[in-house]
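What follows is one structure encoded as structure tokens, with my remarks underneath.
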Amino acid sequence: MVYTEQNLVRIAKRENNPKRTYLVVNRFQGKHIPVKPHEALAMFCALADTLRTSFEEERLLVIGFAETATAIGVAVAAELGADYIQTTRELVPDAKYLYFSEEHSHATEQKLVKNDMDTALGNIDRILFVEDEVTTGRTILNIIEILKKQYPKHLKYCVASILNGMDKTALDTYKDCGIELFWLVKTEHVAYTQIAASYKGNGVYVDCRDNAAAIHATEQVKPKMICAKKQMNARRIVSAALYQQYCESLYQDLTSQIDLKRAQKILVLGTEEFMYPALYTASKLEMQGKNVWFHATTRSPIAVSEERDYPFHTRYELVSFYDDKRKTYVYDLQTYDMVVVMTDAQGETTKGICSLMQALRSCGNEHIIFVFS
């Protein structure tokens with residue numbers, strides 16, 4: 001497939017974000033918009049192809065950015081045979097952190113696990129940052145400066161993104177810094193603010209955080225709970241190949257405990273930063289001939305609108321699985337024969353489960369499975 005701005009990009013309206021009023025939405029990415037798994041993975045592989053032969057003699061560490069580029073990062077690292085770590089906004093047990101800020105985001109604090117970086121960078125020649133979209137490049141420059149101060153060893157850096165919207169000044173800055181850039185599609189942001197402003201934002205907003213109603217929805221249809229036999233956390237440095245083996249074990253845990261015979265149309269839903277294992281499972285189910293869709297819950301509050309050409313029409317407000325004081329969202333749910341929710345949330349998740357059950361039940365979903373890693 002030839003990827004273009006026209007067939008990938010949709011513009012949405014950000015809610016309560018004066019830094020940037022629009023959101024660039026990639027319809028094949030599998031974050032906010034439901035996607036066929038093979039379409040997402042094919043695009044990620046195409047991104048890896050842009051740099052596959054560029055650094056064959058170097059030892060790479062791939063860093064994927066939370067939350068929207070975590071699946072892209074793992075997929076690229078696996079294609080390149082590299083190690084992988086993601087940035088995170090969550091707490092990681094026994095971790096010390098390198099902190100930095102993400103430009104334009106509604107949730108700006110990002111961090112990397114310093115313990116692992118301390119150990120790994122002595123064996124690394126180059127860090128490859130993987131993003132869904134690079135607009136100014138300032139976020140990545142911020143973290144490179146932090147890494148240079150923290151680790152005097154000379155490291156090389158490069159950036160790969162599905163979309164690149166950098167202007168000439170930003171591109172020249174990277175060139176002057178000796179940081180190579182790779183992308184699938186070059187975008188032009190000049191009209192995006194006006195496009196976002198043209199939408200009414202009059203879609204359907206459904207608040208599923210009401211505890212009594214959510215608990216009632218859960219009691220009506222008891223979800224099946226599956227606990228994974230293996231755990232692996234990509235917020236710590238992992239071999240991408242071993243991480244794929246872990247994802248295979250999650251898929252095997254699921255299929256050994258459920259009957260797929262009557263389920264033809266299936267949704268596999270990841271939670272926030274936990275995207276790639278859900279995408280992997282969705283892909284494996286799709287290979288069985290099932291009609292499978294994939295997307296994930298998100299921290300991003302995006303306006304929804306009734307216009308036909310607008311990317312989102314219904315927004316469900318949820319309680320986060322990771323912090324019951326955090327509001328998260330999922331968009332444009334449909335009715336499926338089976339819904340598989342995959343999460344690595346630890347601790348108390350009752351409110352999160354109940355709110356998501358309410359959202360899924362409101363769309364007619366009755367066969368719901370939760371896989372906990």
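All residue names refer to the structure tokens as shown: chains lettered A, B, ... in order, residues numbered from 1 in each chain, ligands numbered from 1 in order.
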Surrounding residues of region 226-243 of chain A excluding itself and chain neighbours under 6 positions, 6 Å, only C-alpha atoms, as a list in words: Ala77, Ala78, Asp83, Tyr84, Ile85, Gln86, Val371, Phe372 and Ser373 of chain A
Residues of region 27-253 of chain A in strand (DSSP E), written as an MDAnalysis selection string: chainID A and resid 60:64 83:86 97:101 109:113 126:134 156:164 180:186 204:207 224:227 238:239
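Here the question is which of A:Met166, A:Phe274, A:Ala160, A:Tyr310 gets nearest to Thr88 (chain A) using only C-alpha atoms, and that residue is A:Phe274.
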Near-Lys284 (chain A) list (12 Å; only C-alpha atoms; drop same-chain fewer than 4 positions) as number ranges by chain: A: 36-38, 41, 244, 247-252, 254-255, 266, 268, 277-280, 288-294
Contacts of region 119-127 of chain A at 8 Å (only C-alpha atoms; same-chain gap of 5+ positions) as number ranges by chain: A: 58-63, 153, 155-158
Shortest interatomic distance to Asp309 (chain A) - which of A:Lys200, A:His189, A:His32, A:Lys224, counting only C-alpha atoms: A:Lys200
Return as CSV the residues of region 122-211 of chain A lying at most 12 Å from region 360-370 of chain A, together with the closest atom-to-atom pair for each and the distance in Å to one decimal, counting only C-alpha atoms, with rows in chain order and ascending residue number.
residue,atom,partner,partner_atom,distance
A:Val206,CA,A:Ser362,CA,9.6
A:Asp207,CA,A:Ser362,CA,11.2
A:Cys208,CA,A:Ser362,CA,9.6
